[in-house]
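Trainee: Can you keep this structure in mind? I'll have questions shortly.
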Amino acid sequence: MIGIVVVTHAGLARELLHAAELILGPTQLVGTVSIDRGMSVDVAKEKLQQVVHRVGADGDGVLILTDLFGGTPTNISAEFLCPDVVEILAGVNLPMLIKSIGARSNNDLGGLAALLKEYGKNAIMRPAELLGTVL
Amino acid sequence: MNLVLTRIDNRLIHGQVLETWVPFVKADCIVVANDAIAGNQLKKMMMQASVPSRMRVEIGTVVDSVALLKSSQLDKCRTMLLFGTPADAVRAYRAGLEYKQLNLGNLHADKWQAQLSCTLFLDTTDLADLELLDRAGIKITSRCIPADGERSWRKLIPVVKGRN
């Protein structure tokens with residue numbers, strides 16, 4: 001199974017997974033890394049290394065979901081980028097995380113990353129548009 | 001050259017810089033003076049891609065960045081200059097770059113000796129480098145994000161580590 005790691009500023013990663021598990025129930029091979037203000041880049045990299053190693057135990061690759069392109073969590077994750085082994089998607093949202101957990105068994109790593117990139121964007125909805133009140 | 005912020009931040013361009021400092025100082029150009037990033041194509045491309053397209057980004061070695069800043073090419077820009085370490089700020093100063101203020105953002109020395117704030121951990125080399133710049137008349141202040149208070153680095157009482 002493809003492993004998933006959510007890497008964010010502050011406790012967002014932990015809480016996103018908490019929310020996903022509230023909907024899906026307990027998950028396997030999903031890890032989180034929360035990067036706090038006082039944490040050094042080296043310590044953050046080490047933590048990420050450990051979690052990538054743990055969730056990648058099956059050898060099917062690891063998808064890293066980060067919060068903000070250009071932010072430290074993404075910049076640190078970039079050091080692990082390795083096509084077919086470790087992929088990164090920046091701009092994680094809850095629909096994307098939930099989908100990643102469900103869709104990983106039917107896709108290879110590159111396919112999963114490509115699918116989630118579109119899925120995460122399409123999951124952003126403006127209800128007023130559905131009502132036809134905004135043209 | 002119009003430097004609206006000169007900052008030491010070992011994360012260089014990252015969330016705090018893009019989301020708070022750029023609008024705060026109304027920068028329209030970022031110069032990253034860092035030898036390691038200048039020589040790493042992936043990191044360089046990612047850093048460039050993270051900056052809004054309306055902004056100019058120049059990522060180069062310390063030497064190349066100083067040369068660029070001293071030329072007239074960026075004269076019309078409101079430039080933010082980022083160093084990764086105090087040592088690079090000293091190298092730029094010695095290469096003839098004139099700057100009057102230096103903001104300290106994030107610094108995490110491996111074997112730090114003095115902690116100035118929750119994001120500033122300095123070793124003896126860092127302290128000596130800042131001392132040199134301070135004596136050269138550069139106003140050095142600690143301020144991680146604009147919402148933090150600006151404090152002179154001299155007035156911060158360092159927490160000195162007992163070991164290392």
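Starting from 1 in every chain, residues are counted up; chains themselves are A, B, ... following the order of the structure tokens, and ligands are numbered from 1 as listed.
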Each residue of chain A lying at most 10 Å from chain B should get a row with its shortest atom-to-atom pair and the distance in Å to one decimal, counting only C-alpha atoms; could you produce that, ordered by chain and increasing number, as CSV?

Mentor:
residue,atom,partner,partner_atom,distance
A:His9,CA,B:Gly15,CA,9.1
A:Asp36,CA,B:Thr119,CA,9.9
A:Arg37,CA,B:Thr119,CA,6.7
A:Gly38,CA,B:Thr119,CA,4.9
A:Met39,CA,B:Thr119,CA,7.7
A:Ser40,CA,B:His108,CA,5.6
A:Val41,CA,B:Arg11,CA,7.6
A:Asp42,CA,B:Asp110,CA,8.5
A:Val43,CA,B:His108,CA,9.9
A:Leu68,CA,B:Gly15,CA,7.4
A:Phe69,CA,B:Ser50,CA,6.0
A:Gly70,CA,B:Ser50,CA,4.5
A:Gly71,CA,B:Gly15,CA,4.2
A:Thr72,CA,B:His14,CA,5.6
A:Pro73,CA,B:His14,CA,9.0
A:Thr74,CA,B:His14,CA,9.0
A:Asn75,CA,B:Lys43,CA,7.7
A:Ile76,CA,B:Arg11,CA,9.5
A:Ala78,CA,B:Lys43,CA,7.6
A:Glu79,CA,B:Lys43,CA,8.3
A:Leu81,CA,B:Leu42,CA,9.7

Trainee: Create the file for the chosen residues now, containing C-alpha atoms and written as a PDB file, in the first residue's frame.

Mentor:
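Written output follows (again-v9.pdb):
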ATOM      1  CA  HIS A   9       2.789  24.311   9.589  1.00  0.00           C
ATOM      2  CA  ASP A  36       6.317  24.424  14.634  1.00  0.00           C
ATOM      3  CA  ARG A  37       7.802  27.860  14.753  1.00  0.00           C
ATOM      4  CA  GLY A  38      10.811  27.053  16.872  1.00  0.00           C
ATOM      5  CA  MET A  39      11.702  23.803  15.106  1.00  0.00           C
ATOM      6  CA  SER A  40      14.947  23.770  13.143  1.00  0.00           C
ATOM      7  CA  VAL A  41      14.938  22.677   9.524  1.00  0.00           C
ATOM      8  CA  ASP A  42      17.287  19.801  10.391  1.00  0.00           C
ATOM      9  CA  VAL A  43      15.024  18.480  13.137  1.00  0.00           C
ATOM     10  CA  LEU A  68       1.524  25.547   1.145  1.00  0.00           C
ATOM     11  CA  PHE A  69       3.762  25.595  -1.913  1.00  0.00           C
ATOM     12  CA  GLY A  70       6.754  27.752  -1.027  1.00  0.00           C
ATOM     13  CA  GLY A  71       6.373  27.089   2.682  1.00  0.00           C
ATOM     14  CA  THR A  72       8.893  25.262   4.836  1.00  0.00           C
ATOM     15  CA  PRO A  73       6.942  21.972   5.001  1.00  0.00           C
ATOM     16  CA  THR A  74       6.967  21.792   1.190  1.00  0.00           C
ATOM     17  CA  ASN A  75      10.559  22.966   0.905  1.00  0.00           C
ATOM     18  CA  ILE A  76      11.710  20.273   3.294  1.00  0.00           C
ATOM     19  CA  ALA A  78      11.180  18.507  -1.772  1.00  0.00           C
ATOM     20  CA  GLU A  79      14.418  16.955  -0.594  1.00  0.00           C
ATOM     21  CA  LEU A  81      11.206  13.905  -4.050  1.00  0.00           C
TER      22      LEU A  81
END

Trainee: Name the residues in contact with Lys161 in chain B at a cut-off of 12 Å, using only C-alpha atoms, excluding same-chain residues fewer than 3 positions from it; report them as a ChimeraX atom specification.

Mentor: /B:111-116,121-124,158,164

Trainee: Just the number, please: distance in Å from CA of Ile138 in chain B to CA of Gln101 in chain B, one decimal.

Mentor: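 Result for CA of Ile138 in chain B versus CA of Gln101 in chain B: 5.3 Å, one decimal.
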
Trainee: Using only C-alpha atoms, which residue out of B:Leu104, B:Val62, B:Leu69, B:Leu133 lies closest to Pro146 in chain B?

Mentor: B:Leu104

Trainee: Name the closest residue to Leu156 in chain B among the candidates B:Ile140, B:Met45, B:Ala92, B:Val57; distances are taken between atoms, counting only C-alpha atoms.

Mentor: B:Ile140

Trainee: So the first atom is CA of Val86 in chain A and the second is CA of Ile2 in chain A; what is the distance between them in Å, to one decimal place?

Mentor: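 Here the two named atoms are 9.7 Å from each other.
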
Trainee: Write out as a ChimeraX atom specification the residues lying within 12 Å of Ala103 in chain A, counting only C-alpha atoms and excluding same-chain residues fewer than 2 positions away.

Mentor: /A:1-4,63,95-101,105-109,111-116,119

Trainee: Using DSSP on the backbone coordinates, identify the residues of range 6-164 of chain B assigned to helix (DSSP H, G or I); present them as an NGL selection string.

Mentor: :B and (15-25 or 35-38 or 41-50 or 62-70 or 86-94 or 124-135 or 153-155)

Trainee: What is the CA of Leu5 in chain B to CA of Arg154 in chain B distance in Å?

Mentor: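 Result for CA of Leu5 in chain B versus CA of Arg154 in chain B: 19.4 Å, one decimal.
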
Trainee: When DSSP is applied to the backbone of this structure, which of chain A are assigned strand (DSSP E or B)? Write them out as a list of chain:residue names.

Mentor: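 Matching residues, listed in order: A:Gly3, A:Ile4, A:Val5, A:Val6, A:Val7, A:Thr8, A:His9, A:Val30, A:Gly31, A:Thr32, A:Val33, A:Ser34, A:Ile35, A:Val62, A:Leu63, A:Ile64, A:Leu65, A:Thr66, A:Cys82, A:Val86, A:Glu87, A:Ile88, A:Leu89, A:Ala90.
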
Trainee: Find the residues near Leu3 in chain B: any atom within 12 Å, counting only C-alpha atoms, skip ones fewer than 6 places away on the same chain, and give them as a list in words.

Mentor: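 The neighbour list is Val25, Lys26, Ala27, Asp28, Cys29, Ile30, Val31, Leu69, Lys70, Leu74, Asp75, Lys76, Cys77, Arg78, Thr79, Met80, Leu81, Leu82, Leu97, Glu98, Tyr99, Lys100, Gln101, Leu102 and Asn103 of chain B.
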
Trainee: Considering only C-alpha atoms, return as a PDB file with C-alpha atoms, in the first residue's frame whatever protein or nucleic-acid residues lie within 8 Å of Gly11 in chain A, sequence-local ones (same chain, fewer than 4 positions apart) excluded.

Mentor:
ATOM      1  CA  GLU A  15      -5.876  17.689  12.898  1.00  0.00           C
ATOM      2  CA  SER A  34       3.783  19.219  12.244  1.00  0.00           C
ATOM      3  CA  ILE A  35       6.419  21.902  11.851  1.00  0.00           C
ATOM      4  CA  ASP A  36       6.317  24.424  14.634  1.00  0.00           C
TER       5      ASP A  36
END
